[in-house]
>>> print(open('entry.tsv').read())   # TSV, C-alpha atoms
chain	number	residue	atom	x	y	z
A	95	MET	CA	122.59	84.01	93.51
A	96	GLN	CA	119.08	82.62	93.69
A	97	LYS	CA	115.83	84.38	94.39
A	98	VAL	CA	114.91	83.55	97.98
A	99	PHE	CA	112.02	85.99	98.42
A	100	GLU	CA	109.70	87.49	95.84
A	101	LYS	CA	106.14	88.68	95.36
A	102	PRO	CA	103.77	85.69	95.63
A	103	VAL	CA	101.84	84.66	92.50
A	104	SER	CA	98.57	85.35	94.38
A	105	ILE	CA	99.45	89.08	94.63
A	106	ASP	CA	98.61	90.97	91.44
A	107	GLU	CA	100.87	93.49	89.70
A	108	LYS	CA	98.72	96.47	90.72
A	109	PRO	CA	100.38	98.49	93.53
A	110	PHE	CA	98.42	98.61	96.81
A	111	SER	CA	96.31	101.72	97.48
A	112	TYR	CA	97.07	101.66	101.23
A	113	CYS	CA	98.88	104.53	102.97
A	114	ALA	CA	102.66	104.30	103.35
A	115	GLY	CA	103.57	101.96	106.21
A	116	CYS	CA	100.05	100.53	106.68
A	117	THR	CA	100.44	96.87	107.63
A	118	HIS	CA	97.43	95.77	105.56
A	119	GLY	CA	99.96	95.05	102.80
A	120	ILE	CA	101.94	92.64	104.97
A	121	ILE	CA	98.73	90.78	105.85
A	122	HIS	CA	97.73	90.62	102.16
A	123	ARG	CA	101.10	89.07	101.39
A	124	LEU	CA	100.76	86.46	104.17
A	125	VAL	CA	97.33	85.43	102.86
A	126	ALA	CA	98.73	85.18	99.32
A	127	GLU	CA	101.80	83.21	100.40
A	128	SER	CA	99.67	80.76	102.40
A	129	ILE	CA	97.38	80.20	99.42
A	130	ASP	CA	100.34	79.69	97.06
A	131	GLU	CA	102.07	77.26	99.42
A	132	LEU	CA	98.90	75.22	99.93
A	133	GLY	CA	98.40	75.11	96.14
A	134	ILE	CA	94.78	76.29	96.35
A	135	ARG	CA	94.93	79.47	94.22
A	136	GLU	CA	92.59	77.99	91.60
A	137	LYS	CA	90.10	76.94	94.30
A	138	VAL	CA	90.03	80.04	96.48
A	139	ILE	CA	87.16	82.54	96.55
A	140	GLY	CA	87.75	85.59	98.74
A	141	VAL	CA	85.13	88.02	100.00
A	142	ALA	CA	86.25	91.65	100.31
A	143	PRO	CA	84.70	93.90	102.97
A	144	VAL	CA	83.86	97.58	103.11
A	145	GLY	CA	86.73	99.60	104.55
A	146	CYS	CA	90.29	100.31	103.49
A	147	SER	CA	90.56	96.78	102.05
A	148	VAL	CA	87.41	97.25	99.93
A	149	PHE	CA	89.62	97.01	96.84
A	150	ALA	CA	91.30	93.78	98.00
A	151	TYR	CA	89.92	92.10	94.87
A	152	GLU	CA	92.17	94.37	92.80
A	153	PHE	CA	95.29	93.21	94.63
A	154	PHE	CA	94.75	89.45	94.90
A	155	ASN	CA	95.29	87.29	91.85
A	156	PHE	CA	92.39	84.85	92.41
A	157	ASP	CA	88.60	84.93	92.40
A	158	MET	CA	86.98	87.41	94.75
A	159	CYS	CA	83.67	89.11	95.29
A	160	SER	CA	82.48	91.99	97.44
A	161	ALA	CA	79.85	92.06	100.15
A	162	ALA	CA	77.72	94.82	101.63
A	163	HIS	CA	79.20	96.41	104.77
A	164	GLY	CA	79.69	93.73	107.44
A	165	ARG	CA	77.99	90.99	105.42
A	166	ALA	CA	81.10	89.19	104.19
A	167	PRO	CA	80.57	86.14	106.47
A	168	ALA	CA	76.97	85.78	105.20
A	169	VAL	CA	78.11	85.97	101.56
A	170	ALA	CA	80.97	83.55	102.29
A	171	THR	CA	78.47	81.16	103.92
A	172	GLY	CA	76.39	81.17	100.75
A	173	ILE	CA	79.40	80.57	98.49
A	174	LYS	CA	80.78	77.77	100.69
A	175	ARG	CA	77.44	75.98	100.96
A	176	ALA	CA	76.80	76.22	97.20
A	177	ARG	CA	80.38	75.28	96.29
A	178	PRO	CA	81.82	73.21	99.17
A	179	GLU	CA	84.77	72.19	96.98
A	180	ASN	CA	86.06	75.80	97.02
A	181	ILE	CA	88.12	77.40	99.77
A	182	VAL	CA	86.28	80.51	100.92
A	183	PHE	CA	87.65	83.29	103.08
A	184	THR	CA	86.64	86.78	104.19
A	185	TYR	CA	89.08	89.63	104.77
A	186	GLN	CA	87.55	92.20	107.12
A	187	GLY	CA	88.53	95.18	109.22
A	188	ASP	CA	87.30	96.02	112.71
A	189	GLY	CA	84.81	98.64	111.52
A	190	ASP	CA	83.30	96.02	109.22
A	191	LEU	CA	83.46	92.90	111.37
A	192	ALA	CA	83.10	94.24	114.92
A	193	ALA	CA	80.50	96.98	114.32
A	194	ILE	CA	77.96	96.69	111.50
A	195	GLY	CA	78.88	93.03	110.88
A	196	THR	CA	78.87	91.71	114.46
A	197	ALA	CA	75.70	89.66	113.95
A	198	GLU	CA	77.06	88.03	110.78
A	199	ILE	CA	80.40	87.02	112.26
A	200	VAL	CA	78.91	85.74	115.54
A	201	HIS	CA	76.34	83.59	113.76
A	202	ALA	CA	78.80	82.33	111.12
A	203	ALA	CA	81.01	81.17	114.02
A	204	ALA	CA	78.06	79.72	115.95
A	205	ARG	CA	76.93	77.75	112.88
A	206	ALA	CA	80.50	76.39	112.52
A	207	GLU	CA	80.66	77.54	108.90
A	208	LYS	CA	83.60	75.94	107.12
A	209	ILE	CA	85.13	79.27	106.18
A	210	THR	CA	88.25	81.26	107.15
A	211	THR	CA	88.16	84.90	108.27
A	212	ILE	CA	91.14	87.24	108.36
A	213	PHE	CA	90.17	89.99	110.81
A	214	VAL	CA	92.37	93.09	110.69
A	215	ASN	CA	92.10	95.10	113.93
A	216	ASN	CA	93.64	98.58	113.90
A	217	ALA	CA	91.39	100.07	116.61
A	218	ILE	CA	90.01	102.82	114.34
A	219	TYR	CA	87.91	103.47	111.24
A	220	GLY	CA	90.65	104.02	108.65
A	221	MET	CA	88.91	104.60	105.33
A	222	THR	CA	86.40	107.15	106.64
A	223	GLY	CA	89.10	109.23	108.27
A	224	GLY	CA	89.79	108.03	111.81
A	225	GLN	CA	86.54	107.80	113.80
A	226	MET	CA	86.18	105.67	116.94
A	227	ALA	CA	85.66	101.97	116.24
A	228	PRO	CA	84.23	99.32	118.62
A	229	THR	CA	87.86	98.21	119.10
A	230	THR	CA	89.22	101.69	119.96
A	231	LEU	CA	91.10	101.52	123.26
A	232	VAL	CA	89.90	103.36	126.38
A	233	GLY	CA	91.65	106.74	126.35
A	234	GLN	CA	92.54	106.54	122.65
A	235	LYS	CA	92.04	109.80	120.77
A	236	THR	CA	90.14	109.61	117.48
A	237	ASP	CA	88.21	112.13	115.36
A	238	THR	CA	85.01	111.35	117.30
A	239	THR	CA	86.68	110.98	120.72
A	240	PRO	CA	89.01	114.01	120.63
A	241	TYR	CA	89.59	113.82	124.41
A	242	GLY	CA	90.08	110.05	124.36
A	243	ARG	CA	87.51	107.23	124.58
A	244	LYS	CA	85.73	107.42	127.93
A	245	VAL	CA	84.10	104.39	129.52
A	246	GLU	CA	81.14	106.43	130.82
A	247	ASN	CA	80.33	107.67	127.32
A	248	GLN	CA	81.47	104.98	124.88
A	249	GLY	CA	81.90	101.87	127.02
A	250	TYR	CA	84.58	99.26	126.49
A	251	PRO	CA	86.35	97.92	123.39
A	252	ILE	CA	85.22	94.56	122.00
A	253	LYS	CA	87.68	91.66	122.19
A	254	VAL	CA	86.61	89.69	119.16
A	255	ALA	CA	88.94	86.68	119.49
A	256	GLU	CA	87.96	86.12	123.14
A	257	MET	CA	84.26	86.61	122.38
A	258	LEU	CA	84.12	84.19	119.44
A	259	SER	CA	86.22	81.56	121.19
A	260	THR	CA	83.36	81.03	123.67
A	261	LEU	CA	81.20	79.66	120.83
A	262	GLU	CA	81.11	75.90	120.37
A	263	GLY	CA	81.05	76.32	116.60
A	264	ALA	CA	84.43	78.07	116.50
A	265	ASN	CA	87.23	75.69	115.48
A	266	TYR	CA	90.36	77.81	115.40
A	267	ILE	CA	90.76	81.35	116.78
A	268	GLU	CA	94.16	83.00	117.15
A	269	ARG	CA	95.33	86.59	117.60
A	270	VAL	CA	98.63	87.61	115.97
A	271	THR	CA	100.34	90.81	114.86
A	272	VAL	CA	102.87	91.88	112.21
A	273	ILE	CA	105.11	94.37	114.02
A	274	SER	CA	108.44	92.55	113.54
A	275	PRO	CA	109.83	89.81	111.27
A	276	ALA	CA	109.34	87.27	114.11
A	277	HIS	CA	105.70	88.31	114.58
A	278	VAL	CA	105.22	88.15	110.79
A	279	ASN	CA	106.49	84.54	110.76
A	280	LYS	CA	104.02	83.60	113.54
A	281	ALA	CA	101.16	85.38	111.77
A	282	LYS	CA	101.96	83.51	108.55
A	283	ALA	CA	101.87	80.15	110.35
A	284	ALA	CA	98.50	81.02	111.91
A	285	ILE	CA	96.94	82.17	108.62
A	286	LYS	CA	98.22	79.08	106.80
A	287	LYS	CA	96.80	76.85	109.56
A	288	ALA	CA	93.42	78.59	109.30
A	289	PHE	CA	93.32	77.69	105.58
A	290	GLN	CA	94.64	74.16	106.23
A	291	TYR	CA	91.76	73.54	108.67
A	292	GLN	CA	89.26	74.57	105.99
A	293	ILE	CA	90.91	72.20	103.48
A	294	GLU	CA	90.36	69.45	106.09
A	295	GLY	CA	86.68	70.45	106.25
A	296	LYS	CA	86.91	72.15	109.64
A	297	GLY	CA	85.49	75.53	110.62
A	298	PHE	CA	84.86	78.17	111.77
A	299	ASN	CA	88.39	79.64	111.61
A	300	LEU	CA	89.36	83.24	112.43
A	301	ILE	CA	92.74	84.95	112.68
A	302	GLU	CA	92.69	88.39	114.30
A	303	VAL	CA	95.68	90.45	113.17
A	304	LEU	CA	96.60	93.59	115.14
A	305	SER	CA	97.51	96.15	112.50
A	306	THR	CA	98.72	99.75	112.40
A	307	CYS	CA	97.01	102.82	110.93
A	308	PRO	CA	99.80	105.43	110.77
A	309	SER	CA	97.61	108.00	108.95
A	310	CYS	CA	94.62	107.97	111.31
A	311	TRP	CA	96.69	107.46	114.44
A	312	GLY	CA	98.74	110.49	113.31
A	313	MET	CA	102.10	108.76	113.64
A	314	SER	CA	105.02	107.72	111.47
A	315	PRO	CA	104.95	104.02	110.44
A	316	ILE	CA	107.67	103.18	112.97
A	317	LYS	CA	106.02	105.16	115.82
A	318	ALA	CA	102.75	103.37	114.98
A	319	ILE	CA	104.43	99.99	115.45
A	320	GLU	CA	105.79	101.15	118.83
A	321	TRP	CA	102.34	102.43	119.84
A	322	LEU	CA	100.70	99.12	118.88
A	323	LYS	CA	103.26	97.19	120.93
A	324	ALA	CA	102.87	99.45	123.99
A	325	ASN	CA	99.10	99.92	123.93
A	326	MET	CA	97.25	97.34	121.87
A	327	ILE	CA	99.06	94.12	122.84
A	328	PRO	CA	98.42	94.62	126.62
A	329	HIS	CA	94.70	94.98	125.89
A	330	TYR	CA	94.51	92.43	123.08
A	331	PRO	CA	96.88	89.63	124.20
A	332	LEU	CA	98.36	87.53	121.39
A	333	GLY	CA	97.88	83.78	121.32
A	334	VAL	CA	95.65	80.85	120.44
A	335	TYR	CA	92.15	81.24	121.90
A	336	LYS	CA	90.62	78.07	120.48
A	337	ASP	CA	91.98	75.11	118.55
A	338	GLY	CA	89.46	72.37	117.80
A	339	ALA	CA	85.65	72.64	117.73
A	340	LYS	CA	83.42	70.76	120.13
A	341	THR	CA	82.53	67.40	118.65
A	342	GLU	CA	79.43	65.53	119.72
B	70	MET	CA	126.78	87.05	98.47
B	71	ALA	CA	123.31	88.47	98.77
B	72	LYS	CA	121.35	91.47	97.56
B	73	ILE	CA	117.90	93.00	97.48
B	74	GLU	CA	116.03	94.69	94.66
B	75	VAL	CA	113.43	97.35	95.50
B	76	ASN	CA	110.61	97.80	93.01
B	77	ALA	CA	110.72	101.61	93.17
B	78	ASP	CA	107.25	102.02	91.68
B	79	ARG	CA	105.55	99.85	94.35
B	80	CYS	CA	107.55	101.39	97.24
B	81	LYS	CA	105.98	104.22	99.25
B	82	GLY	CA	109.08	105.07	101.26
B	83	CYS	CA	107.67	104.04	104.67
B	84	LEU	CA	111.14	102.71	105.60
B	85	LEU	CA	109.93	99.80	107.75
B	86	CYS	CA	112.56	97.82	105.77
B	87	ALA	CA	115.31	100.18	106.92
B	88	GLU	CA	114.11	99.99	110.55
B	89	PHE	CA	114.25	96.18	110.62
B	90	CYS	CA	117.42	95.67	108.52
B	91	PRO	CA	119.90	94.13	110.97
B	92	LYS	CA	122.82	95.57	108.98
B	93	LYS	CA	121.24	99.04	108.63
B	94	ILE	CA	122.11	99.27	104.95
B	95	ILE	CA	118.76	100.49	103.58
B	96	LYS	CA	118.30	104.22	103.08
B	97	GLN	CA	115.79	106.51	101.41
B	98	SER	CA	116.58	107.45	97.81
B	99	ASP	CA	116.65	111.14	96.87
B	100	VAL	CA	114.96	110.39	93.53
B	101	LEU	CA	111.15	110.51	93.41
B	102	ASN	CA	109.22	107.55	91.99
B	103	SER	CA	106.27	107.85	89.59
B	104	LYS	CA	103.85	108.34	92.52
B	105	GLY	CA	105.89	111.06	94.19
B	106	TYR	CA	107.38	108.97	97.00
B	107	TYR	CA	111.08	108.72	97.84
B	108	PRO	CA	111.58	104.93	97.66
B	109	ALA	CA	113.96	102.81	99.73
B	110	MET	CA	117.32	101.74	98.29
B	111	GLN	CA	120.11	99.46	99.39
B	112	THR	CA	123.52	100.91	100.19
B	113	GLU	CA	126.64	98.77	100.71
B	114	PRO	CA	125.24	95.59	99.06
B	115	GLU	CA	128.41	93.72	100.09
B	116	LYS	CA	127.13	93.81	103.71
B	117	CYS	CA	123.74	92.23	102.84
B	118	VAL	CA	123.24	88.75	104.28
B	119	GLY	CA	119.95	88.01	102.48
B	120	CYS	CA	117.97	87.51	105.72
B	121	ALA	CA	114.81	88.96	104.06
B	122	ALA	CA	113.79	90.85	107.23
B	123	CYS	CA	113.21	93.90	105.00
B	124	ALA	CA	111.03	91.97	102.55
B	125	LYS	CA	108.98	90.40	105.38
B	126	MET	CA	108.21	93.85	106.82
B	127	CYS	CA	107.55	95.54	103.45
B	128	PRO	CA	103.83	96.46	103.31
B	129	ASP	CA	103.98	96.89	99.54
B	130	VAL	CA	105.62	93.60	98.54
B	131	ALA	CA	108.25	95.72	96.77
B	132	ILE	CA	111.39	93.80	97.76
B	133	THR	CA	112.94	90.78	96.06
B	134	VAL	CA	115.80	89.05	97.91
B	135	TYR	CA	118.65	87.10	96.29
B	136	ARG	CA	121.13	84.92	98.18
>>> encode(input="entry.tsv", output="C-alpha cells")
Amino acid sequence: MQKVFEKPVSIDEKPFSYCAGCTHGIIHRLVAESIDELGIREKVIGVAPVGCSVFAYEFFNFDMCSAAHGRAPAVATGIKRARPENIVFTYQGDGDLAAIGTAEIVHAAARAEKITTIFVNNAIYGMTGGQMAPTTLVGQKTDTTPYGRKVENQGYPIKVAEMLSTLEGANYIERVTVISPAHVNKAKAAIKKAFQYQIEGKGFNLIEVLSTCPSCWGMSPIKAIEWLKANMIPHYPLGVYKDGAKTE
Amino acid sequence: MAKIEVNADRCKGCLLCAEFCPKKIIKQSDVLNSKGYYPAMQTEPEKCVGCAACAKMCPDVAITVYR
C-alpha cells in the first residue's frame, strides 16, 4: 500500500487551536496543498489577521507575519511591493476583512495589488464569542442580535465577492465552500488558481470561502454544515465573479 | 486494499470524517486522547476503498490514507 493522502509539508506539526468541526482547518490544508503543489513554499509570505485564525502563523510551515486588525491587505501590499519576487497572501475572516478592514481590502483590489486573499466567511464573529458580523444573515441569531438580525436595525449583510468584482483592479474573484468532498475539490482548484495568477504577475485575487462556526452558531459540526447549505448558499451564491482584470 | 490512519492527538472527534465516509466504517473511539477528546477510529478496514473523503473533510489534517 502507498500513501495517497497525508498532511502537506506546508502544515506544521502543531495541532490547530480551532474548535472541533470548524472548517478553518480544511481551508488551511487547501492553502498548504496549493503552495506545496506549486512549489512556492520557500517564496511564500503569508499575512495572518486578527480573529480565530490570528495564530495561523503557528500552523503554516512557511514565512508569515501578523497585521493589525483588518490591515492585512495593507501589510501584504507593502511586502509585495518591496519584494515582488515573493508570493504574498492574506488569510482573513469576515470580522477582519468585511468590517474593520473594508477600506484596506477595497483599495487593495482597486489598486490591482498582485496579492492573493483567502477570505473566510462564517457570518459571525467567532473569536470574540459570536457577535453579529457585517456578513450575518437577516434573521440570524447572534449574541448581539438575540432576536435575529433585523433590516430596520442592522441593515443588510455585505456580499464581498460581488462588491469587489465590480472593481476594475480585481483580477480573479470566486466564492467556494468546503461542506462536502466535492466542494472541497472545487475550493482547492480555486485557491490554487488564485496563487497561480499571482505567480503569473496578475492581481488582485480573492477567494471567498463559506465556512462553518459550530461553536458560535450553537450547532454540532454536521448540523452546521446543513445550516450553511440551507441558509448561506442561497444568500451567498457560489461561483466565479470575475476572471481577468481590465487591461488598457 | 486500503486503510486510513487517524492521528489521535490531532483529532478533536468532530466526526465529519464519519459523516462523509461512503462505507460508514468510521466510528468514535471510547478512549480519550491527550486533549480530552474521543478521536475517530476506523472499523472494518477490509471495507475501506481509500477514497480519502474522510481526509478531505478532516478539519485537523489528522488522517493519512493508504491505498
>>> closest_residue(input="entry.tsv", among="A:Ser274, A:Thr229, A:Ser259, A:Thr184", to="chain B", atoms="only C-alpha atoms")
A:Ser274
>>> closest_atom_pairs(input="entry.tsv", of="chain B", to="chain A", cutoff="9 Å", atoms="only C-alpha atoms", output="tab-separated table")
residue	atom	partner	partner_atom	distance
B:Met70	CA	A:Met95	CA	7.2
B:Ala71	CA	A:Met95	CA	6.9
B:Lys72	CA	A:Met95	CA	8.6
B:Asp78	CA	A:Pro109	CA	7.9
B:Arg79	CA	A:Pro109	CA	5.4
B:Cys80	CA	A:Ala114	CA	8.3
B:Lys81	CA	A:Ala114	CA	5.3
B:Gly82	CA	A:Ala114	CA	6.8
B:Cys83	CA	A:Gly115	CA	4.8
B:Leu84	CA	A:Gly115	CA	7.6
B:Leu85	CA	A:Ile316	CA	6.6
B:Glu88	CA	A:Ile316	CA	7.6
B:Phe89	CA	A:Ser274	CA	7.4
B:Gly119	CA	A:Val98	CA	8.1
B:Ala121	CA	A:Phe99	CA	7.0
B:Ala122	CA	A:Pro275	CA	5.8
B:Cys123	CA	A:Pro275	CA	8.2
B:Ala124	CA	A:Phe99	CA	7.3
B:Lys125	CA	A:Pro275	CA	6.0
B:Met126	CA	A:Pro275	CA	6.2
B:Cys127	CA	A:Ile120	CA	6.5
B:Pro128	CA	A:Gly119	CA	4.2
B:Asp129	CA	A:Gly119	CA	5.5
B:Val130	CA	A:Lys101	CA	5.9
B:Ala131	CA	A:Lys101	CA	7.5
B:Ile132	CA	A:Glu100	CA	6.8
B:Thr133	CA	A:Glu100	CA	4.6
B:Val134	CA	A:Phe99	CA	4.9
B:Tyr135	CA	A:Lys97	CA	4.4
B:Arg136	CA	A:Met95	CA	5.0
>>> closest_residue(input="entry.tsv", among="A:Val144, A:Val303, A:Leu231, A:Ile173", to="A:Pro328", atoms="only C-alpha atoms")
A:Leu231
>>> residues_around(input="entry.tsv", residues="A:Asp190", least_positions_apart="4", cutoff="6 Å", atoms="only C-alpha atoms", output="PyMOL selection string")
chain A and resi 164+194-195
>>> residues_around(input="entry.tsv", residues="A:Gly249", least_positions_apart="6", cutoff="12 Å", atoms="all atoms listed in the file", output="PyMOL selection string")
chain A and resi 226-233+242-243
>>> residues_around(input="entry.tsv", residues="A:Lys208", least_positions_apart="5", cutoff="6 Å", atoms="all atoms listed in the file", output="list in words")
Gln292, Lys296, Gly297 and Phe298 of chain A
>>> atom_distance(input="entry.tsv", atom1="atom CA of A:Glu136", atom2="atom CA of A:Ala168")
22.1 Å
>>> residues_around(input="entry.tsv", residues="B:Ala109", least_positions_apart="3", cutoff="6 Å", atoms="only C-alpha atoms", output="VMD selection string")
chain B and resid 82 96 to 98
>>> atom_distance(input="entry.tsv", atom1="atom CA of A:Ile181", atom2="atom CA of A:Pro331")
28.7 Å
>>> residues_around(input="entry.tsv", residues="A:Ile129", least_positions_apart="4", cutoff="9 Å", atoms="all atoms listed in the file", output="ChimeraX atom specification")
/A:104,124-125,133-135,138,286,289
>>> closest_residue(input="entry.tsv", among="B:Gly105, B:Cys90, B:Asn76, B:Asp99", to="B:Val118", atoms="only C-alpha atoms")
B:Cys90
>>> atom_distance(input="entry.tsv", atom1="atom CA of A:Lys174", atom2="atom CA of A:Pro143")
16.8 Å
>>> axis_aligned_box(input="entry.tsv", around="stretch 77-96 of chain B", padding_each_side="8 Å", output="JSON")
{"center_x": 114.2, "center_y": 99.6, "center_z": 101.3, "size_x": 33.3, "size_y": 26.9, "size_z": 35.3}
>>> closest_residue(input="entry.tsv", among="A:Ala324, A:Leu132, A:Ala150, A:Ile212", to="A:Leu300", atoms="all atoms listed in the file")
A:Ile212
>>> build_atoms(input="entry.tsv", residues="stretch 220-239 of chain A", atoms="N, CA, C and O atoms", output="mmCIF file, keeping the file's coordinate frame")
data_model
loop_
_atom_site.group_PDB
_atom_site.id
_atom_site.type_symbol
_atom_site.label_atom_id
_atom_site.label_comp_id
_atom_site.auth_asym_id
_atom_site.auth_seq_id
_atom_site.Cartn_x
_atom_site.Cartn_y
_atom_site.Cartn_z
ATOM 1 N N GLY A 220 89.615 103.435 109.485
ATOM 2 C CA GLY A 220 90.650 104.020 108.650
ATOM 3 C C GLY A 220 90.101 104.752 107.438
ATOM 4 O O GLY A 220 90.366 105.933 107.228
ATOM 5 N N MET A 221 89.296 104.052 106.627
ATOM 6 C CA MET A 221 88.910 104.600 105.330
ATOM 7 C C MET A 221 88.118 105.900 105.480
ATOM 8 O O MET A 221 88.268 106.828 104.692
ATOM 9 N N THR A 222 87.267 105.977 106.511
ATOM 10 C CA THR A 222 86.400 107.150 106.640
ATOM 11 C C THR A 222 87.102 108.289 107.363
ATOM 12 O O THR A 222 86.482 109.334 107.589
ATOM 13 N N GLY A 223 88.325 108.106 107.775
ATOM 14 C CA GLY A 223 89.100 109.230 108.270
ATOM 15 C C GLY A 223 89.428 109.235 109.751
ATOM 16 O O GLY A 223 89.797 110.268 110.297
ATOM 17 N N GLY A 224 89.277 108.107 110.441
ATOM 18 C CA GLY A 224 89.790 108.030 111.810
ATOM 19 C C GLY A 224 88.770 108.235 112.910
ATOM 20 O O GLY A 224 89.074 108.831 113.948
ATOM 21 N N GLN A 225 87.538 107.732 112.715
ATOM 22 C CA GLN A 225 86.540 107.800 113.800
ATOM 23 C C GLN A 225 86.738 106.635 114.773
ATOM 24 O O GLN A 225 87.416 105.665 114.472
ATOM 25 N N MET A 226 86.106 106.743 115.946
ATOM 26 C CA MET A 226 86.180 105.670 116.940
ATOM 27 C C MET A 226 85.539 104.397 116.403
ATOM 28 O O MET A 226 84.465 104.448 115.804
ATOM 29 N N ALA A 227 86.193 103.277 116.618
ATOM 30 C CA ALA A 227 85.660 101.970 116.240
ATOM 31 C C ALA A 227 85.288 101.218 117.514
ATOM 32 O O ALA A 227 85.671 101.634 118.611
ATOM 33 N N PRO A 228 84.550 100.090 117.402
ATOM 34 C CA PRO A 228 84.230 99.320 118.620
ATOM 35 C C PRO A 228 85.498 98.804 119.308
ATOM 36 O O PRO A 228 85.470 98.459 120.487
ATOM 37 N N THR A 229 86.601 98.746 118.571
ATOM 38 C CA THR A 229 87.860 98.210 119.100
ATOM 39 C C THR A 229 88.794 99.301 119.597
ATOM 40 O O THR A 229 89.891 98.999 120.060
ATOM 41 N N THR A 230 88.382 100.578 119.476
ATOM 42 C CA THR A 230 89.220 101.690 119.960
ATOM 43 C C THR A 230 89.479 101.529 121.460
ATOM 44 O O THR A 230 88.561 101.223 122.225
ATOM 45 N N LEU A 231 90.726 101.732 121.860
ATOM 46 C CA LEU A 231 91.100 101.520 123.260
ATOM 47 C C LEU A 231 90.541 102.644 124.140
ATOM 48 O O LEU A 231 90.351 103.767 123.672
ATOM 49 N N VAL A 232 90.320 102.332 125.427
ATOM 50 C CA VAL A 232 89.900 103.360 126.380
ATOM 51 C C VAL A 232 91.021 104.403 126.458
ATOM 52 O O VAL A 232 92.196 104.056 126.593
ATOM 53 N N GLY A 233 90.658 105.663 126.310
ATOM 54 C CA GLY A 233 91.650 106.740 126.350
ATOM 55 C C GLY A 233 92.219 107.110 125.000
ATOM 56 O O GLY A 233 92.861 108.151 124.862
ATOM 57 N N GLN A 234 91.970 106.275 123.983
ATOM 58 C CA GLN A 234 92.540 106.540 122.650
ATOM 59 C C GLN A 234 91.826 107.709 121.978
ATOM 60 O O GLN A 234 90.602 107.764 121.943
ATOM 61 N N LYS A 235 92.618 108.639 121.450
ATOM 62 C CA LYS A 235 92.040 109.800 120.770
ATOM 63 C C LYS A 235 91.752 109.458 119.312
ATOM 64 O O LYS A 235 92.593 108.906 118.612
ATOM 65 N N THR A 236 90.529 109.771 118.881
ATOM 66 C CA THR A 236 90.140 109.610 117.480
ATOM 67 C C THR A 236 89.383 110.871 117.076
ATOM 68 O O THR A 236 89.143 111.743 117.918
ATOM 69 N N ASP A 237 88.956 110.947 115.816
ATOM 70 C CA ASP A 237 88.210 112.130 115.360
ATOM 71 C C ASP A 237 86.936 112.339 116.179
ATOM 72 O O ASP A 237 86.524 113.467 116.428
ATOM 73 N N THR A 238 86.288 111.225 116.579
ATOM 74 C CA THR A 238 85.010 111.350 117.300
ATOM 75 C C THR A 238 85.177 111.204 118.811
ATOM 76 O O THR A 238 84.191 111.304 119.545
ATOM 77 N N THR A 239 86.385 110.944 119.274
ATOM 78 C CA THR A 239 86.680 110.980 120.720
ATOM 79 C C THR A 239 87.927 111.843 120.900
ATOM 80 O O THR A 239 88.987 111.334 121.273
#
